[in-house]
>>> print(open('structure-v7.pdb').read())   # PDB, C-alpha atoms
ATOM      1  CA  MET D  20      22.375 -69.019  71.311
ATOM      2  CA  PHE D  21      21.151 -69.244  67.754
ATOM      3  CA  ILE D  22      18.431 -66.633  68.339
ATOM      4  CA  ASP D  23      21.131 -64.137  69.340
ATOM      5  CA  LEU D  24      22.929 -64.797  66.056
ATOM      6  CA  LEU D  25      19.695 -64.162  64.143
ATOM      7  CA  ARG D  26      19.059 -61.001  66.121
ATOM      8  CA  SER D  27      22.506 -59.606  65.305
ATOM      9  CA  ARG D  28      22.508 -60.639  61.631
ATOM     10  CA  ARG D  29      22.352 -57.774  59.147
ATOM     11  CA  SER D  30      23.163 -57.446  55.469
ATOM     12  CA  ILE D  31      26.479 -55.599  55.247
ATOM     13  CA  ARG D  32      27.418 -53.723  52.083
ATOM     14  CA  LYS D  33      30.421 -51.696  53.273
ATOM     15  CA  PHE D  34      33.590 -53.429  54.362
ATOM     16  CA  GLU D  35      36.890 -52.509  55.952
ATOM     17  CA  ASP D  36      39.928 -52.740  53.725
ATOM     18  CA  ARG D  37      41.341 -55.874  55.321
ATOM     19  CA  PRO D  38      41.363 -59.509  54.275
ATOM     20  CA  VAL D  39      39.449 -62.301  55.943
ATOM     21  CA  GLU D  40      41.901 -64.580  57.749
ATOM     22  CA  ALA D  41      42.450 -68.078  56.360
ATOM     23  CA  GLU D  42      41.256 -69.608  59.647
ATOM     24  CA  LYS D  43      37.915 -67.828  59.389
ATOM     25  CA  LEU D  44      37.544 -68.749  55.726
ATOM     26  CA  ASP D  45      38.219 -72.381  56.631
ATOM     27  CA  LEU D  46      35.427 -72.271  59.240
ATOM     28  CA  ILE D  47      33.017 -70.649  56.789
ATOM     29  CA  LEU D  48      33.779 -73.340  54.225
ATOM     30  CA  GLU D  49      33.346 -76.102  56.787
ATOM     31  CA  ALA D  50      29.980 -74.612  57.745
ATOM     32  CA  VAL D  51      28.735 -74.360  54.160
ATOM     33  CA  LEU D  52      29.900 -77.879  53.338
ATOM     34  CA  ARG D  53      27.777 -79.081  56.282
ATOM     35  CA  SER D  54      24.659 -77.461  54.770
ATOM     36  CA  PRO D  55      21.619 -79.694  54.645
ATOM     37  CA  SER D  56      20.673 -80.972  51.214
ATOM     38  CA  SER D  57      17.622 -82.861  50.025
ATOM     39  CA  ARG D  58      18.382 -86.588  50.044
ATOM     40  CA  GLY D  59      22.056 -85.721  50.634
ATOM     41  CA  PHE D  60      22.626 -85.031  46.918
ATOM     42  CA  ASN D  61      24.657 -81.872  47.640
ATOM     43  CA  PRO D  62      24.190 -80.290  44.201
ATOM     44  CA  TRP D  63      25.995 -77.146  45.332
ATOM     45  CA  GLU D  64      29.539 -76.105  44.584
ATOM     46  CA  PHE D  65      31.359 -72.979  45.721
ATOM     47  CA  VAL D  66      33.950 -70.698  44.202
ATOM     48  CA  VAL D  67      36.008 -68.707  46.714
ATOM     49  CA  VAL D  68      37.157 -65.442  45.166
ATOM     50  CA  THR D  69      39.848 -63.270  46.765
ATOM     51  CA  ASP D  70      41.311 -61.756  43.584
ATOM     52  CA  PRO D  71      40.207 -58.075  43.588
ATOM     53  CA  ALA D  72      40.030 -57.958  39.782
ATOM     54  CA  ILE D  73      37.637 -60.918  39.645
ATOM     55  CA  ILE D  74      35.575 -59.534  42.528
ATOM     56  CA  LYS D  75      35.320 -56.203  40.702
ATOM     57  CA  ARG D  76      34.207 -57.978  37.520
ATOM     58  CA  LEU D  77      31.578 -59.967  39.436
ATOM     59  CA  SER D  78      30.287 -56.701  40.947
ATOM     60  CA  THR D  79      29.031 -55.799  37.450
ATOM     61  CA  ALA D  80      27.063 -59.025  36.947
ATOM     62  CA  LYS D  81      23.757 -57.182  37.123
ATOM     63  CA  PRO D  82      22.752 -53.528  36.760
ATOM     64  CA  HIS D  83      21.490 -53.105  40.337
ATOM     65  CA  GLY D  84      22.351 -54.604  43.706
ATOM     66  CA  ALA D  85      25.864 -55.938  43.131
ATOM     67  CA  SER D  86      28.156 -52.907  42.838
ATOM     68  CA  PHE D  87      29.057 -52.949  46.552
ATOM     69  CA  LEU D  88      30.790 -56.293  45.967
ATOM     70  CA  ALA D  89      33.685 -54.410  44.339
ATOM     71  CA  ASN D  90      34.919 -53.373  47.798
ATOM     72  CA  ALA D  91      34.542 -56.723  49.534
ATOM     73  CA  PRO D  92      37.745 -58.634  50.283
ATOM     74  CA  LEU D  93      36.028 -61.983  49.785
ATOM     75  CA  ALA D  94      33.255 -63.361  47.622
ATOM     76  CA  ILE D  95      31.891 -66.868  47.703
ATOM     77  CA  VAL D  96      29.902 -67.808  44.634
ATOM     78  CA  VAL D  97      27.145 -70.341  45.253
ATOM     79  CA  CYS D  98      26.645 -72.621  42.261
ATOM     80  CA  ALA D  99      24.654 -75.782  41.723
ATOM     81  CA  ASP D 100      24.324 -78.635  39.281
ATOM     82  CA  PRO D 101      20.609 -78.895  38.345
ATOM     83  CA  GLY D 102      21.272 -82.381  36.987
ATOM     84  CA  LYS D 103      21.991 -83.675  40.496
ATOM     85  CA  SER D 104      18.735 -82.664  42.144
ATOM     86  CA  ASP D 105      15.297 -81.343  41.264
ATOM     87  CA  VAL D 106      15.472 -79.102  44.335
ATOM     88  CA  TRP D 107      18.887 -77.568  43.639
ATOM     89  CA  VAL D 108      17.431 -74.060  44.048
ATOM     90  CA  GLU D 109      16.395 -74.784  47.616
ATOM     91  CA  ASP D 110      19.668 -76.547  48.429
ATOM     92  CA  ALA D 111      21.694 -73.616  47.056
ATOM     93  CA  ALA D 112      19.568 -71.150  49.032
ATOM     94  CA  ILE D 113      20.086 -73.128  52.236
ATOM     95  CA  ALA D 114      23.848 -73.114  51.615
ATOM     96  CA  ALA D 115      23.803 -69.356  51.006
ATOM     97  CA  ILE D 116      22.053 -68.639  54.302
ATOM     98  CA  ILE D 117      24.506 -70.941  56.092
ATOM     99  CA  LEU D 118      27.331 -68.842  54.568
ATOM    100  CA  HIS D 119      25.631 -65.651  55.725
ATOM    101  CA  LEU D 120      25.102 -66.880  59.287
ATOM    102  CA  ALA D 121      28.582 -68.426  59.584
ATOM    103  CA  ALA D 122      30.130 -65.103  58.577
ATOM    104  CA  THR D 123      28.035 -63.281  61.186
ATOM    105  CA  ASP D 124      29.008 -65.804  63.856
ATOM    106  CA  LEU D 125      32.692 -65.102  63.116
ATOM    107  CA  GLY D 126      32.316 -61.324  63.474
ATOM    108  CA  LEU D 127      32.223 -60.755  59.725
ATOM    109  CA  GLY D 128      29.612 -59.028  57.643
ATOM    110  CA  SER D 129      28.041 -60.389  54.505
ATOM    111  CA  CYS D 130      25.357 -59.729  51.958
ATOM    112  CA  TRP D 131      23.606 -62.048  49.548
ATOM    113  CA  ILE D 132      23.686 -60.983  45.893
ATOM    114  CA  GLN D 133      20.933 -62.762  43.986
ATOM    115  CA  LEU D 134      21.953 -63.762  40.446
ATOM    116  CA  ARG D 135      19.455 -66.484  39.563
ATOM    117  CA  LYS D 136      16.589 -64.995  37.541
ATOM    118  CA  ARG D 137      18.515 -61.712  37.071
ATOM    119  CA  ASP D 138      19.955 -60.267  33.867
ATOM    120  CA  TYR D 139      23.329 -58.782  33.035
ATOM    121  CA  ASP D 140      21.933 -57.267  29.833
ATOM    122  CA  ASP D 141      19.318 -58.089  27.181
ATOM    123  CA  SER D 142      21.188 -61.142  25.919
ATOM    124  CA  THR D 143      23.067 -62.491  28.953
ATOM    125  CA  THR D 144      21.842 -63.494  32.394
ATOM    126  CA  ALA D 145      23.737 -62.398  35.488
ATOM    127  CA  GLY D 146      24.508 -66.046  36.185
ATOM    128  CA  GLU D 147      25.928 -66.582  32.701
ATOM    129  CA  PHE D 148      28.110 -63.500  33.095
ATOM    130  CA  ALA D 149      29.443 -64.762  36.442
ATOM    131  CA  ALA D 150      29.922 -68.295  35.095
ATOM    132  CA  ASP D 151      32.026 -66.901  32.247
ATOM    133  CA  ALA D 152      34.082 -64.754  34.631
ATOM    134  CA  LEU D 153      34.800 -67.836  36.761
ATOM    135  CA  GLY D 154      35.305 -70.366  33.982
ATOM    136  CA  LEU D 155      32.511 -72.609  35.234
ATOM    137  CA  PRO D 156      31.590 -75.774  33.354
ATOM    138  CA  ASP D 157      28.255 -75.658  31.502
ATOM    139  CA  LYS D 158      26.583 -78.017  34.003
ATOM    140  CA  LEU D 159      26.823 -75.452  36.836
ATOM    141  CA  VAL D 160      24.348 -72.634  37.404
ATOM    142  CA  VAL D 161      25.235 -69.600  39.528
ATOM    143  CA  SER D 162      22.616 -68.963  42.186
ATOM    144  CA  ALA D 163      24.130 -66.153  44.249
ATOM    145  CA  ILE D 164      27.278 -64.453  45.411
ATOM    146  CA  MET D 165      27.965 -63.797  49.074
ATOM    147  CA  ALA D 166      30.055 -60.675  49.696
ATOM    148  CA  ILE D 167      32.036 -61.147  52.922
ATOM    149  CA  GLY D 168      34.364 -58.978  54.986
ATOM    150  CA  TYR D 169      34.762 -56.976  58.148
ATOM    151  CA  PRO D 170      31.878 -54.517  58.453
ATOM    152  CA  ALA D 171      32.837 -50.855  58.019
ATOM    153  CA  ARG D 172      30.026 -50.174  60.481
ATOM    154  CA  GLN D 173      27.728 -52.442  62.438
ATOM    155  CA  PRO D 174      24.051 -51.502  62.076
ATOM    156  CA  SER D 175      21.799 -52.010  65.050
ATOM    157  CA  PRO D 176      19.735 -55.179  65.103
ATOM    158  CA  HIS D 177      16.178 -54.928  63.847
ATOM    159  CA  PRO D 178      13.944 -54.310  66.879
ATOM    160  CA  LYS D 179      11.555 -57.071  67.867
ATOM    161  CA  ALA D 180       8.672 -54.639  67.348
ATOM    162  CA  SER D 181       9.523 -54.547  63.625
ATOM    163  CA  LEU D 182       8.855 -58.271  63.173
ATOM    164  CA  GLN D 183       5.843 -58.937  60.954
ATOM    165  CA  VAL D 184       3.910 -61.067  63.419
ATOM    166  CA  ASP D 185       0.760 -60.465  61.366
ATOM    167  CA  LYS D 186       2.182 -62.955  58.852
ATOM    168  CA  VAL D 187       1.780 -65.826  61.317
ATOM    169  CA  SER D 188      -1.448 -67.810  61.349
ATOM    170  CA  VAL D 189      -2.395 -70.647  63.689
ATOM    171  CA  ASN D 190      -3.904 -73.891  62.366
ATOM    172  CA  ARG D 191      -5.614 -72.151  59.404
ATOM    173  CA  TYR D 192      -4.607 -69.164  57.341
ATOM    174  CA  GLY D 193      -5.911 -65.945  58.830
ATOM    175  CA  ASN D 194      -6.463 -67.404  62.308
ATOM    176  CA  LYS D 195      -4.459 -65.196  64.673
ATOM    177  CA  GLU D 196      -5.321 -66.982  67.914
TER     178      GLU D 196
END
>>> encode(input="structure-v7.pdb", output="structure tokens")
Amino acid sequence: MFIDLLRSRRSIRKFEDRPVEAEKLDLILEAVLRSPSSRGFNPWEFVVVTDPAIIKRLSTAKPHGASFLANAPLAIVVCADPGKSDVWVEDAAIAAIILHLAATDLGLGSCWIQLRKRDYDDSTTAGEFAADALGLPDKLVVSAIMAIGYPARQPSPHPKASLQVDKVSVNRYGNKE
């Protein structure tokens, strides 16, 4: 059941030193290419990275929160063409979560690395740095990178008691009944 997948999903930042099989990568790519998109414009594009040198370079795209990528056997870079849709940010985010959940469903671990609205340094954004590393055309914007691999350890699911049920209102904001 889908709820079981959500319950088991965790962000994984430490991976075993083993590649992701081609069959599993094919399923992940099929899943992401089936991602919903506003009006079916599909502004997203994906770059599959298995080259350790490129993965290591991408792990330096921002000062914090990407270094763990260096040890992942697989990275999938989520890009989008803003000229195709005014809601490309949402479409790219939907695709990224589909990647994350597909990896979990296949017994893999993954973690979303946010690049949009992040900086590499004072003169270059994280997305620009990644775009240069990947040779992207100017029309594409990098939204995120998904680090994927076999988890070095599997954290326990978040307990149901930790869910922030106080953030749910009924009919009007603040109504808890």
>>> residues_around(input="structure-v7.pdb", residues="segment 32-44 of chain D", least_positions_apart="2", cutoff="6 Å", atoms="all atoms listed in the file", output="VMD selection string")
chain D and resid 46 to 47 87 91 to 92 168 to 171
>>> residues_around(input="structure-v7.pdb", residues="Asp138 of chain D", least_positions_apart="4", cutoff="6 Å", atoms="all atoms listed in the file", output="PyMOL selection string")
chain D and resi 81+144-145
>>> residues_around(input="structure-v7.pdb", residues="segment 148-163 of chain D", least_positions_apart="2", cutoff="7 Å", atoms="all atoms listed in the file", output="number ranges by chain")
D: 77, 80, 96-100, 111, 131-135, 139, 143-146, 165
>>> write_last_selection(input="structure-v7.pdb", atoms="C-alpha atoms", output="mmCIF file, keeping the file's coordinate frame")
data_model
loop_
_atom_site.group_PDB
_atom_site.id
_atom_site.type_symbol
_atom_site.label_atom_id
_atom_site.label_comp_id
_atom_site.auth_asym_id
_atom_site.auth_seq_id
_atom_site.Cartn_x
_atom_site.Cartn_y
_atom_site.Cartn_z
ATOM 1 C CA LEU D 77 31.578 -59.967 39.436
ATOM 2 C CA ALA D 80 27.063 -59.025 36.947
ATOM 3 C CA VAL D 96 29.902 -67.808 44.634
ATOM 4 C CA VAL D 97 27.145 -70.341 45.253
ATOM 5 C CA CYS D 98 26.645 -72.621 42.261
ATOM 6 C CA ALA D 99 24.654 -75.782 41.723
ATOM 7 C CA ASP D 100 24.324 -78.635 39.281
ATOM 8 C CA ALA D 111 21.694 -73.616 47.056
ATOM 9 C CA TRP D 131 23.606 -62.048 49.548
ATOM 10 C CA ILE D 132 23.686 -60.983 45.893
ATOM 11 C CA GLN D 133 20.933 -62.762 43.986
ATOM 12 C CA LEU D 134 21.953 -63.762 40.446
ATOM 13 C CA ARG D 135 19.455 -66.484 39.563
ATOM 14 C CA TYR D 139 23.329 -58.782 33.035
ATOM 15 C CA THR D 143 23.067 -62.491 28.953
ATOM 16 C CA THR D 144 21.842 -63.494 32.394
ATOM 17 C CA ALA D 145 23.737 -62.398 35.488
ATOM 18 C CA GLY D 146 24.508 -66.046 36.185
ATOM 19 C CA MET D 165 27.965 -63.797 49.074
#
>>> closest_residue(input="structure-v7.pdb", among="D:Asn190, D:Ser27, D:Asn61, D:Gln173", to="Ile113 of chain D", atoms="only C-alpha atoms")
D:Asn61
>>> atom_distance(input="structure-v7.pdb", atom1="atom CA of Glu64 of chain D", atom2="atom CA of Ile167 of chain D")
17.3 Å
>>> resolve_selection(input="structure-v7.pdb", expression="the PyMOL selection byres ((chain D and resi 73) around 10)", output="ChimeraX atom specification")
/D:68-72,74-78,89,94,149,152-153
>>> closest_residue(input="structure-v7.pdb", among="D:Arg53, D:Lys186, D:His177, D:Arg137", to="Ser30 of chain D", atoms="all atoms listed in the file")
D:His177
>>> atom_distance(input="structure-v7.pdb", atom1="atom CA of Trp63 of chain D", atom2="atom CA of Leu93 of chain D")
18.7 Å
>>> axis_aligned_box(input="structure-v7.pdb", around="segment 139-153 of chain D", padding_each_side="6 Å", output="lines of an AutoDock Vina configuration file")
center_x = 27.1
center_y = -62.8
center_z = 31.3
size_x = 27.5
size_y = 23.0
size_z = 22.8
>>> closest_residue(input="structure-v7.pdb", among="D:Ile164, D:Val108, D:Leu24, D:Leu52", to="Val67 of chain D", atoms="all atoms listed in the file")
D:Ile164
>>> resolve_selection(input="structure-v7.pdb", expression="the PyMOL selection byres ((chain D and resi 103) around 8)", output="list of chain:residue names")
D:Phe60, D:Asn61, D:Pro62, D:Asp100, D:Pro101, D:Gly102, D:Ser104, D:Asp105, D:Trp107
>>> write_last_selection(input="structure-v7.pdb", atoms="C-alpha atoms", output="compact mmCIF listing (two decimals), in the frame of the given file")
# COMPACT_ATOMS: atom_id res chain seq x y z
CA PHE D 60 22.63 -85.03 46.92
CA ASN D 61 24.66 -81.87 47.64
CA PRO D 62 24.19 -80.29 44.20
CA ASP D 100 24.32 -78.64 39.28
CA PRO D 101 20.61 -78.90 38.34
CA GLY D 102 21.27 -82.38 36.99
CA SER D 104 18.74 -82.66 42.14
CA ASP D 105 15.30 -81.34 41.26
CA TRP D 107 18.89 -77.57 43.64
